[in-house]
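Coordinates as given in entry21.pdb (PDB, C-alpha atoms and all ligand atoms):
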```pdb
ATOM      1  CA  MET A   1     161.383  92.403 -16.117  1.00  0.00           C
ATOM      2  CA  ASN A   2     161.271  88.801 -14.918  1.00  0.00           C
ATOM      3  CA  ASN A   3     164.807  88.802 -13.616  1.00  0.00           C
ATOM      4  CA  ARG A   4     163.787  91.413 -11.009  1.00  0.00           C
ATOM      5  CA  LYS A   5     161.556  88.905  -9.278  1.00  0.00           C
ATOM      6  CA  MET A   6     162.469  87.550  -5.851  1.00  0.00           C
ATOM      7  CA  VAL A   7     160.908  86.118  -2.725  1.00  0.00           C
ATOM      8  CA  ALA A   8     163.076  86.286   0.386  1.00  0.00           C
ATOM      9  CA  GLY A   9     162.351  84.888   3.827  1.00  0.00           C
ATOM     10  CA  ASN A  10     163.428  86.539   7.051  1.00  0.00           C
ATOM     11  CA  TRP A  11     163.303  84.016   9.861  1.00  0.00           C
ATOM     12  CA  LYS A  12     164.192  86.673  12.452  1.00  0.00           C
ATOM     13  CA  MET A  13     165.049  85.095  15.853  1.00  0.00           C
ATOM     14  CA  ASN A  14     163.185  81.844  15.281  1.00  0.00           C
ATOM     15  CA  LYS A  15     164.145  78.174  14.990  1.00  0.00           C
ATOM     16  CA  THR A  16     166.771  76.219  16.881  1.00  0.00           C
ATOM     17  CA  LEU A  17     169.458  74.696  14.698  1.00  0.00           C
ATOM     18  CA  GLN A  18     167.565  71.388  14.575  1.00  0.00           C
ATOM     19  CA  GLU A  19     164.249  73.082  13.717  1.00  0.00           C
ATOM     20  CA  GLY A  20     166.010  75.133  11.083  1.00  0.00           C
ATOM     21  CA  GLU A  21     167.491  72.000   9.507  1.00  0.00           C
ATOM     22  CA  THR A  22     164.038  70.472   9.261  1.00  0.00           C
ATOM     23  CA  LEU A  23     162.616  73.579   7.577  1.00  0.00           C
ATOM     24  CA  ILE A  24     165.503  73.833   5.122  1.00  0.00           C
ATOM     25  CA  LYS A  25     165.098  70.179   4.143  1.00  0.00           C
ATOM     26  CA  GLU A  26     161.372  70.779   3.545  1.00  0.00           C
ATOM     27  CA  LEU A  27     162.120  73.840   1.423  1.00  0.00           C
ATOM     28  CA  ASP A  28     164.781  71.941  -0.501  1.00  0.00           C
ATOM     29  CA  LYS A  29     162.108  69.381  -1.480  1.00  0.00           C
ATOM     30  CA  LEU A  30     159.245  71.804  -2.107  1.00  0.00           C
ATOM     31  CA  ILE A  31     160.964  74.516  -4.110  1.00  0.00           C
ATOM     32  CA  SER A  32     161.891  73.332  -7.553  1.00  0.00           C
ATOM     33  CA  ASN A  33     162.133  75.536 -10.589  1.00  0.00           C
ATOM     34  CA  PRO A  34     160.623  78.687  -9.018  1.00  0.00           C
ATOM     35  CA  ALA A  35     159.673  81.613 -11.266  1.00  0.00           C
ATOM     36  CA  CYS A  36     161.813  83.969  -9.166  1.00  0.00           C
ATOM     37  CA  ALA A  37     165.015  84.116  -7.121  1.00  0.00           C
ATOM     38  CA  VAL A  38     164.553  82.635  -3.636  1.00  0.00           C
ATOM     39  CA  VAL A  39     166.553  83.689  -0.584  1.00  0.00           C
ATOM     40  CA  ILE A  40     166.263  82.569   3.041  1.00  0.00           C
ATOM     41  CA  GLY A  41     167.517  84.929   5.750  1.00  0.00           C
ATOM     42  CA  VAL A  42     168.513  82.755   8.690  1.00  0.00           C
ATOM     43  CA  PRO A  43     170.128  83.439  12.092  1.00  0.00           C
ATOM     44  CA  PHE A  44     173.960  83.506  12.025  1.00  0.00           C
ATOM     45  CA  ILE A  45     174.310  80.097  13.677  1.00  0.00           C
ATOM     46  CA  HIS A  46     172.292  78.472  10.852  1.00  0.00           C
ATOM     47  CA  LEU A  47     174.329  79.915   7.975  1.00  0.00           C
ATOM     48  CA  THR A  48     176.865  77.117   7.547  1.00  0.00           C
ATOM     49  CA  THR A  49     174.280  74.372   7.962  1.00  0.00           C
ATOM     50  CA  ALA A  50     171.910  76.083   5.515  1.00  0.00           C
ATOM     51  CA  CYS A  51     174.644  76.527   2.903  1.00  0.00           C
ATOM     52  CA  ASN A  52     175.759  72.898   3.282  1.00  0.00           C
ATOM     53  CA  LEU A  53     172.230  71.505   3.088  1.00  0.00           C
ATOM     54  CA  LEU A  54     171.484  73.615   0.011  1.00  0.00           C
ATOM     55  CA  LYS A  55     174.783  73.213  -1.823  1.00  0.00           C
ATOM     56  CA  ASP A  56     173.157  71.154  -4.601  1.00  0.00           C
ATOM     57  CA  ASN A  57     170.042  73.336  -4.748  1.00  0.00           C
ATOM     58  CA  LYS A  58     170.399  75.856  -7.588  1.00  0.00           C
ATOM     59  CA  PHE A  59     167.352  77.871  -6.581  1.00  0.00           C
ATOM     60  CA  ILE A  60     167.681  78.826  -2.926  1.00  0.00           C
ATOM     61  CA  GLN A  61     170.312  81.291  -1.731  1.00  0.00           C
ATOM     62  CA  VAL A  62     171.191  82.026   1.864  1.00  0.00           C
ATOM     63  CA  ALA A  63     171.264  85.409   3.626  1.00  0.00           C
ATOM     64  CA  ALA A  64     172.393  86.665   7.010  1.00  0.00           C
ATOM     65  CA  GLN A  65     170.041  89.081   8.778  1.00  0.00           C
ATOM     66  CA  ASN A  66     172.763  91.506   9.832  1.00  0.00           C
ATOM     67  CA  CYS A  67     176.513  92.026   9.902  1.00  0.00           C
ATOM     68  CA  ALA A  68     178.864  94.164  11.997  1.00  0.00           C
ATOM     69  CA  ASP A  69     179.728  97.745  11.112  1.00  0.00           C
ATOM     70  CA  LYS A  70     183.423  96.960  11.716  1.00  0.00           C
ATOM     71  CA  ALA A  71     185.683  94.704   9.651  1.00  0.00           C
ATOM     72  CA  SER A  72     187.221  92.672  12.513  1.00  0.00           C
ATOM     73  CA  GLY A  73     188.712  92.927  15.968  1.00  0.00           C
ATOM     74  CA  ALA A  74     187.667  93.349  19.587  1.00  0.00           C
ATOM     75  CA  PHE A  75     183.878  93.596  19.155  1.00  0.00           C
ATOM     76  CA  THR A  76     182.557  90.847  21.414  1.00  0.00           C
ATOM     77  CA  GLY A  77     179.456  89.131  20.105  1.00  0.00           C
ATOM     78  CA  GLU A  78     179.568  90.683  16.635  1.00  0.00           C
ATOM     79  CA  VAL A  79     179.746  88.825  13.319  1.00  0.00           C
ATOM     80  CA  SER A  80     181.576  90.426  10.418  1.00  0.00           C
ATOM     81  CA  ALA A  81     180.597  90.521   6.750  1.00  0.00           C
ATOM     82  CA  ALA A  82     183.718  88.461   5.944  1.00  0.00           C
ATOM     83  CA  MET A  83     182.580  85.772   8.393  1.00  0.00           C
ATOM     84  CA  VAL A  84     179.121  85.718   6.816  1.00  0.00           C
ATOM     85  CA  ALA A  85     180.627  85.388   3.326  1.00  0.00           C
ATOM     86  CA  SER A  86     182.947  82.593   4.496  1.00  0.00           C
ATOM     87  CA  THR A  87     179.918  80.371   5.244  1.00  0.00           C
ATOM     88  CA  GLY A  88     178.819  80.456   1.610  1.00  0.00           C
ATOM     89  CA  ALA A  89     175.966  82.922   2.209  1.00  0.00           C
ATOM     90  CA  THR A  90     175.498  85.322  -0.692  1.00  0.00           C
ATOM     91  CA  TYR A  91     173.153  87.954   0.774  1.00  0.00           C
ATOM     92  CA  CYS A  92     172.902  90.103   3.873  1.00  0.00           C
ATOM     93  CA  ILE A  93     169.681  91.757   5.023  1.00  0.00           C
ATOM     94  CA  LEU A  94     170.485  95.221   6.408  1.00  0.00           C
ATOM     95  CA  GLY A  95     168.457  98.076   7.860  1.00  0.00           C
ATOM     96  CA  HIS A  96     165.492  96.045   9.045  1.00  0.00           C
ATOM     97  CA  SER A  97     163.217  98.236  11.171  1.00  0.00           C
ATOM     98  CA  GLU A  98     163.689  95.883  14.121  1.00  0.00           C
ATOM     99  CA  ARG A  99     167.446  96.540  13.942  1.00  0.00           C
ATOM    100  CA  ARG A 100     166.867 100.271  13.526  1.00  0.00           C
ATOM    101  CA  THR A 101     164.425 100.429  16.459  1.00  0.00           C
ATOM    102  CA  TYR A 102     165.717  97.925  19.027  1.00  0.00           C
ATOM    103  CA  TYR A 103     169.450  98.140  18.279  1.00  0.00           C
ATOM    104  CA  HIS A 104     169.593 101.818  17.342  1.00  0.00           C
ATOM    105  CA  GLU A 105     171.051 101.333  13.862  1.00  0.00           C
ATOM    106  CA  THR A 106     171.203 104.728  12.207  1.00  0.00           C
ATOM    107  CA  ASN A 107     171.544 105.410   8.496  1.00  0.00           C
ATOM    108  CA  ALA A 108     175.221 106.279   9.141  1.00  0.00           C
ATOM    109  CA  ILE A 109     175.873 102.894  10.791  1.00  0.00           C
ATOM    110  CA  LEU A 110     173.988 101.174   7.984  1.00  0.00           C
ATOM    111  CA  GLN A 111     176.155 102.892   5.407  1.00  0.00           C
ATOM    112  CA  GLU A 112     179.204 101.239   7.024  1.00  0.00           C
ATOM    113  CA  LYS A 113     177.490  97.858   7.081  1.00  0.00           C
ATOM    114  CA  VAL A 114     176.481  98.161   3.413  1.00  0.00           C
ATOM    115  CA  ASN A 115     180.075  99.022   2.467  1.00  0.00           C
ATOM    116  CA  LEU A 116     181.503  96.057   4.377  1.00  0.00           C
ATOM    117  CA  ALA A 117     178.916  93.640   2.957  1.00  0.00           C
ATOM    118  CA  LEU A 118     179.721  94.731  -0.606  1.00  0.00           C
ATOM    119  CA  GLU A 119     183.489  94.636   0.005  1.00  0.00           C
ATOM    120  CA  ASN A 120     183.001  91.005   0.966  1.00  0.00           C
ATOM    121  CA  ASN A 121     180.974  90.241  -2.162  1.00  0.00           C
ATOM    122  CA  LEU A 122     177.679  89.919  -0.352  1.00  0.00           C
ATOM    123  CA  LYS A 123     174.567  91.272  -2.013  1.00  0.00           C
ATOM    124  CA  VAL A 124     172.417  93.423   0.232  1.00  0.00           C
ATOM    125  CA  ILE A 125     168.682  93.412   0.867  1.00  0.00           C
ATOM    126  CA  PHE A 126     168.287  96.924   2.273  1.00  0.00           C
ATOM    127  CA  CYS A 127     165.083  97.623   4.206  1.00  0.00           C
ATOM    128  CA  VAL A 128     163.318 100.961   4.364  1.00  0.00           C
ATOM    129  CA  GLY A 129     159.915 101.997   5.662  1.00  0.00           C
ATOM    130  CA  GLU A 130     157.971 104.453   7.768  1.00  0.00           C
ATOM    131  CA  THR A 131     156.282 104.040  11.151  1.00  0.00           C
ATOM    132  CA  LYS A 132     152.541 104.419  11.717  1.00  0.00           C
ATOM    133  CA  GLU A 133     153.036 107.921  13.150  1.00  0.00           C
ATOM    134  CA  GLU A 134     155.102 108.960  10.146  1.00  0.00           C
ATOM    135  CA  ARG A 135     152.440 107.691   7.729  1.00  0.00           C
ATOM    136  CA  GLU A 136     149.702 109.436   9.712  1.00  0.00           C
ATOM    137  CA  ALA A 137     151.708 112.651   9.353  1.00  0.00           C
ATOM    138  CA  ASN A 138     152.032 111.893   5.599  1.00  0.00           C
ATOM    139  CA  LYS A 139     155.823 111.795   5.944  1.00  0.00           C
ATOM    140  CA  GLN A 140     156.332 108.320   4.439  1.00  0.00           C
ATOM    141  CA  GLU A 141     158.026 109.531   1.258  1.00  0.00           C
ATOM    142  CA  GLN A 142     160.334 111.892   3.122  1.00  0.00           C
ATOM    143  CA  ILE A 143     161.403 109.110   5.528  1.00  0.00           C
ATOM    144  CA  VAL A 144     162.019 106.520   2.845  1.00  0.00           C
ATOM    145  CA  LYS A 145     163.925 109.042   0.717  1.00  0.00           C
ATOM    146  CA  GLN A 146     166.206 109.895   3.636  1.00  0.00           C
ATOM    147  CA  GLN A 147     166.833 106.210   4.425  1.00  0.00           C
ATOM    148  CA  LEU A 148     167.836 105.590   0.809  1.00  0.00           C
ATOM    149  CA  GLN A 149     169.925 108.733   0.467  1.00  0.00           C
ATOM    150  CA  GLU A 150     171.828 108.203   3.707  1.00  0.00           C
ATOM    151  CA  GLY A 151     172.138 104.410   3.631  1.00  0.00           C
ATOM    152  CA  LEU A 152     172.641 103.607  -0.048  1.00  0.00           C
ATOM    153  CA  PHE A 153     173.012 106.528  -2.406  1.00  0.00           C
ATOM    154  CA  HIS A 154     176.711 106.975  -1.631  1.00  0.00           C
ATOM    155  CA  LEU A 155     177.303 103.825  -3.703  1.00  0.00           C
ATOM    156  CA  SER A 156     178.626 103.855  -7.245  1.00  0.00           C
ATOM    157  CA  ALA A 157     176.328 102.525  -9.976  1.00  0.00           C
ATOM    158  CA  GLU A 158     178.468  99.379 -10.175  1.00  0.00           C
ATOM    159  CA  GLN A 159     178.032  98.785  -6.434  1.00  0.00           C
ATOM    160  CA  PHE A 160     174.331  99.599  -6.561  1.00  0.00           C
ATOM    161  CA  LYS A 161     173.764  96.628  -8.890  1.00  0.00           C
ATOM    162  CA  GLN A 162     174.288  94.397  -5.820  1.00  0.00           C
ATOM    163  CA  ILE A 163     171.398  96.008  -3.937  1.00  0.00           C
ATOM    164  CA  VAL A 164     167.833  94.784  -3.481  1.00  0.00           C
ATOM    165  CA  ILE A 165     165.493  97.261  -1.775  1.00  0.00           C
ATOM    166  CA  ALA A 166     162.762  96.047   0.568  1.00  0.00           C
ATOM    167  CA  TYR A 167     159.932  98.432   1.420  1.00  0.00           C
ATOM    168  CA  GLU A 168     158.585  97.374   4.800  1.00  0.00           C
ATOM    169  CA  PRO A 169     156.117  99.792   6.385  1.00  0.00           C
ATOM    170  CA  VAL A 170     156.751  99.313  10.102  1.00  0.00           C
ATOM    171  CA  TRP A 171     153.015  99.371  10.870  1.00  0.00           C
ATOM    172  CA  ALA A 172     152.497  96.328   8.643  1.00  0.00           C
ATOM    173  CA  ILE A 173     155.239  94.120  10.124  1.00  0.00           C
ATOM    174  CA  GLY A 174     153.897  91.203  12.149  1.00  0.00           C
ATOM    175  CA  THR A 175     150.603  93.025  12.684  1.00  0.00           C
ATOM    176  CA  GLY A 176     148.395  91.309  10.109  1.00  0.00           C
ATOM    177  CA  LEU A 177     147.866  94.794   8.634  1.00  0.00           C
ATOM    178  CA  THR A 178     149.163  94.403   5.099  1.00  0.00           C
ATOM    179  CA  ALA A 179     149.567  97.630   3.135  1.00  0.00           C
ATOM    180  CA  THR A 180     147.005  97.672   0.348  1.00  0.00           C
ATOM    181  CA  PRO A 181     148.471  96.735  -3.028  1.00  0.00           C
ATOM    182  CA  GLU A 182     147.798 100.345  -4.093  1.00  0.00           C
ATOM    183  CA  GLN A 183     149.635 101.832  -1.089  1.00  0.00           C
ATOM    184  CA  ALA A 184     152.584  99.519  -1.676  1.00  0.00           C
ATOM    185  CA  GLN A 185     152.661 100.147  -5.432  1.00  0.00           C
ATOM    186  CA  GLU A 186     152.605 103.916  -4.850  1.00  0.00           C
ATOM    187  CA  MET A 187     155.677 103.704  -2.600  1.00  0.00           C
ATOM    188  CA  HIS A 188     157.491 101.230  -4.846  1.00  0.00           C
ATOM    189  CA  LYS A 189     156.950 103.530  -7.823  1.00  0.00           C
ATOM    190  CA  TYR A 190     158.315 106.434  -5.781  1.00  0.00           C
ATOM    191  CA  ILE A 191     161.378 104.392  -4.751  1.00  0.00           C
ATOM    192  CA  ARG A 192     162.016 103.420  -8.379  1.00  0.00           C
ATOM    193  CA  GLU A 193     161.793 107.101  -9.364  1.00  0.00           C
ATOM    194  CA  LEU A 194     164.391 108.001  -6.719  1.00  0.00           C
ATOM    195  CA  VAL A 195     166.691 105.244  -8.007  1.00  0.00           C
ATOM    196  CA  GLN A 196     166.108 106.522 -11.560  1.00  0.00           C
ATOM    197  CA  GLU A 197     167.093 110.067 -10.542  1.00  0.00           C
ATOM    198  CA  LYS A 198     170.278 108.811  -8.918  1.00  0.00           C
ATOM    199  CA  TYR A 199     171.312 105.828 -11.072  1.00  0.00           C
ATOM    200  CA  GLY A 200     169.380 106.289 -14.323  1.00  0.00           C
ATOM    201  CA  ASP A 201     168.474 103.133 -16.218  1.00  0.00           C
ATOM    202  CA  LEU A 202     169.592 100.887 -13.362  1.00  0.00           C
ATOM    203  CA  ALA A 203     166.166 101.629 -11.866  1.00  0.00           C
ATOM    204  CA  ALA A 204     164.534  99.372 -14.453  1.00  0.00           C
ATOM    205  CA  SER A 205     166.502  96.359 -13.231  1.00  0.00           C
ATOM    206  CA  THR A 206     166.423  97.122  -9.481  1.00  0.00           C
ATOM    207  CA  THR A 207     164.494  94.588  -7.416  1.00  0.00           C
ATOM    208  CA  ILE A 208     162.070  96.226  -4.964  1.00  0.00           C
ATOM    209  CA  LEU A 209     160.405  93.851  -2.506  1.00  0.00           C
ATOM    210  CA  TYR A 210     157.388  94.456  -0.296  1.00  0.00           C
ATOM    211  CA  GLY A 211     157.425  93.235   3.316  1.00  0.00           C
ATOM    212  CA  GLY A 212     154.805  93.345   6.055  1.00  0.00           C
ATOM    213  CA  SER A 213     152.228  90.622   6.761  1.00  0.00           C
ATOM    214  CA  CYS A 214     152.640  89.231   3.273  1.00  0.00           C
ATOM    215  CA  ASN A 215     151.096  85.752   3.119  1.00  0.00           C
ATOM    216  CA  PRO A 216     149.781  83.259   0.553  1.00  0.00           C
ATOM    217  CA  LYS A 217     146.449  85.154   0.400  1.00  0.00           C
ATOM    218  CA  THR A 218     147.805  88.680  -0.015  1.00  0.00           C
ATOM    219  CA  ALA A 219     150.856  87.889  -2.155  1.00  0.00           C
ATOM    220  CA  PRO A 220     149.175  87.365  -5.560  1.00  0.00           C
ATOM    221  CA  GLU A 221     147.598  90.838  -5.723  1.00  0.00           C
ATOM    222  CA  LEU A 222     150.680  92.560  -4.292  1.00  0.00           C
ATOM    223  CA  PHE A 223     152.969  90.783  -6.767  1.00  0.00           C
ATOM    224  CA  SER A 224     150.686  91.708  -9.678  1.00  0.00           C
ATOM    225  CA  LYS A 225     151.596  95.406  -9.290  1.00  0.00           C
ATOM    226  CA  PRO A 226     154.134  96.693 -11.809  1.00  0.00           C
ATOM    227  CA  ASP A 227     156.727  97.947  -9.309  1.00  0.00           C
ATOM    228  CA  ILE A 228     156.377  95.173  -6.707  1.00  0.00           C
ATOM    229  CA  ASP A 229     158.972  92.592  -7.649  1.00  0.00           C
ATOM    230  CA  GLY A 230     158.310  90.177  -4.810  1.00  0.00           C
ATOM    231  CA  GLY A 231     158.321  89.990  -1.041  1.00  0.00           C
ATOM    232  CA  LEU A 232     160.423  89.909   2.100  1.00  0.00           C
ATOM    233  CA  ILE A 233     158.486  87.480   4.216  1.00  0.00           C
ATOM    234  CA  GLY A 234     158.639  87.178   8.007  1.00  0.00           C
ATOM    235  CA  GLY A 235     156.128  84.929   9.785  1.00  0.00           C
ATOM    236  CA  ALA A 236     154.971  83.085   6.666  1.00  0.00           C
ATOM    237  CA  SER A 237     158.567  82.115   5.799  1.00  0.00           C
ATOM    238  CA  LEU A 238     158.672  79.855   8.872  1.00  0.00           C
ATOM    239  CA  LYS A 239     156.258  77.349   7.322  1.00  0.00           C
ATOM    240  CA  ALA A 240     157.494  75.575   4.216  1.00  0.00           C
ATOM    241  CA  GLU A 241     154.023  75.322   2.611  1.00  0.00           C
ATOM    242  CA  ASP A 242     153.239  79.008   3.124  1.00  0.00           C
ATOM    243  CA  PHE A 243     156.628  80.201   1.900  1.00  0.00           C
ATOM    244  CA  SER A 244     156.395  77.944  -1.108  1.00  0.00           C
ATOM    245  CA  ALA A 245     152.851  79.171  -1.861  1.00  0.00           C
ATOM    246  CA  ILE A 246     154.106  82.770  -1.795  1.00  0.00           C
ATOM    247  CA  ILE A 247     156.897  81.836  -4.205  1.00  0.00           C
ATOM    248  CA  ASN A 248     154.321  80.229  -6.479  1.00  0.00           C
ATOM    249  CA  ALA A 249     152.376  83.512  -6.489  1.00  0.00           C
ATOM    250  CA  GLN A 250     155.135  84.962  -8.687  1.00  0.00           C
TER     251      GLN A 250
HETATM  252  P1  LIG A 301     155.956  89.671   8.705  1.00  0.00           P
HETATM  253  O1  LIG A 301     155.837  89.012   7.349  1.00  0.00           O
HETATM  254  O2  LIG A 301     155.957  88.680   9.837  1.00  0.00           O
HETATM  255  O3  LIG A 301     154.975  90.792   8.874  1.00  0.00           O
HETATM  256  O4  LIG A 301     157.412  90.331   8.752  1.00  0.00           O
HETATM  257  C1  LIG A 301     157.833  91.087   7.676  1.00  0.00           C
HETATM  258  C2  LIG A 301     159.271  91.392   7.858  1.00  0.00           C
HETATM  259  O5  LIG A 301     159.645  92.102   8.762  1.00  0.00           O
HETATM  260  C3  LIG A 301     160.217  90.766   6.932  1.00  0.00           C
HETATM  261  O6  LIG A 301     161.489  91.279   7.096  1.00  0.00           O
END
```
Is it possible to give me this structure as structure tokens?
Amino acid sequence: MNNRKMVAGNWKMNKTLQEGETLIKELDKLISNPACAVVIGVPFIHLTTACNLLKDNKFIQVAAQNCADKASGAFTGEVSAAMVASTGATYCILGHSERRTYYHETNAILQEKVNLALENNLKVIFCVGETKEEREANKQEQIVKQQLQEGLFHLSAEQFKQIVIAYEPVWAIGTGLTATPEQAQEMHKYIRELVQEKYGDLAASTTILYGGSCNPKTAPELFSKPDIDGGLIGGASLKAEDFSAIINAQ
């Protein structure tokens, strides 16, 4: 059970390189012997610096927030999974709702990205979640099921072991509106059931994170739920004390 636990930060498009260095150095000092895996999802340009600064830190792993859906070639401005892996990063966040909404990433595109990340030995934090309108129409389970089926469930069981799922209801992201622990638990349980149907016993060891206005106050109750294995943290991951307090809630 305990080895499912994780707290991951998603810095999004925040922090210059110098500001990022400062935050990483603070985290390096503050986070010692955490009760869960810790990942920081930084902008591409921070990856090498983050990996270098943390090379002697056994507890904090580094993630990219995206990778290209093509392996290499004439795709100006894109960053491939192989490039991400070559920095020393070990994770890639994929399918974040901001990528789906603003950059039109479909489940089919995400399937390609997941494949390329895994081919390059990156683990994937795959985000799913419904919008406010979809929840109001009581379609949240249908949406999340489709995102999982079309983005992930083509994987073999062996490949699926490299996947962390993050449930991030879009209406809770950056809004201060955290899902109630009961709402989140209900969805996490449903996700675990879907994984069980597809991959059997692997469901018991699959990490399922909650994301959406998770902070030091809301984390303890969320993390106490049986199917909530930790959090994917946006705003609160930008302050070392807050991120560290969330990790200590595990
Ligand atoms: P906030 O924690 O800022 O709501 O963001 C959550 C998120 O999108 C993490 O990926």
For the file shown, report as a ChimeraX atom specification the outcome of the PyMOL selection byres (((chain A and resi 108-113) around 8) and not hetatm) at residue level. /A:67-70,81,94-95,105-107,114-117,150-152
With a distance cut-off of 7 Å and only C-alpha atoms, select the neighbouring residues of Ile60 in chain A, excluding the residue or stretch itself and same-chain residues fewer than 2 positions from it, and output the selection as a count of residues only. 5
Counting only C-alpha atoms and all ligand atoms, which protein, DNA or RNA residues come within 6 Å of ligand LIG 301 (chain A), given as a list in words? Asn10, Ile173, Gly174, Gly211, Gly212, Ser213, Cys214, Leu232, Ile233, Gly234 and Gly235 of chain A
So how far away is CA of Tyr103 in chain A from CA of Asn121 in chain A, in Å? 24.8 Å
What's the separation between CA of Ala64 in chain A and CA of Leu47 in chain A, in Å to one decimal place?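 Distance reported for this atom pair: 7.1 Å.
Here CA of Asp201 in chain A and CA of Ile165 in chain A stand 15.9 Å from one another.
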Quick one: contact table of range 109-173 of chain A to range 3-8 of chain A, 10 Å max, nearest atom pair and distance in Å to one decimal per residue, counting only C-alpha atoms, chain and number order, as a Markdown table?
```
| residue | atom | partner | partner_atom | distance |
| --- | --- | --- | --- | --- |
| A:Ile125 | CA | A:Ala8 | CA | 9.1 |
| A:Val164 | CA | A:Arg4 | CA | 9.2 |
| A:Ala166 | CA | A:Ala8 | CA | 9.8 |
```
Determine the residue set returned by the PyMOL selection byres (((chain A and resi 239) around 12) and not hetatm) for the present structure, and present it as a PyMOL selection string. chain A and resi 9-11+14-15+19-20+22-27+30+215-216+233-238+240-246
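Closest approach to Leu122 in chain A among A:Ser205, A:Ser156, A:Asn66, A:Thr49: A:Asn66, based on only C-alpha atoms.
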Using all atoms listed in the file, the shortest atom-to-atom distance to Cys36 in chain A among A:Gly88, A:Phe59, A:Gly129, A:Asn52 belongs to A:Phe59
For Ile191 in chain A, list every protein, DNA or RNA residue within 8 Å, evaluated using all atoms listed in the file, and leave out those in the same chain fewer than 3 positions away; present the list as a count of residues only. 6
Centre, x/y/z edge lengths, axis-aligned box for range 105-112 of chain A with 8 Å per side, as JSON:
```
{"center_x": 175.1, "center_y": 103.7, "center_z": 9.6, "size_x": 24.2, "size_y": 21.1, "size_z": 24.5}
```
For Ala203 in chain A, find every residue with an atom within 8 Å (counting only C-alpha atoms), except residues of its own chain fewer than 4 positions away, and show them as a list in words.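 Near Ala203 in chain A, the qualifying residues are Arg192, Glu193, Val195, Gln196 and Tyr199 of chain A.
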Taking the point (150.0, 82.0, -9.5) as given in the file, collect each protein or nucleic acid residue that comes within 10 Å of it, counting only C-alpha atoms, and present the set as a VMD selection string. chain A and resid 35 219 to 221 223 to 224 245 to 250
Pick out the residues sitting within 12 Å of Lys132 in chain A, and hand them over as a PyMOL selection string; count all atoms listed in the file, and ignore anything fewer than 2 positions along from it in its own chain. chain A and resi 129-130+134-140+143+168-173+175+177+179
Hits from the PyMOL selection byres (((chain A and resi 45) around 12) and not hetatm), listed as an NGL selection string: :A and (13-18 or 20-21 or 41-44 or 46-51 or 63-65 or 79 or 83-84 or 87 or 89)
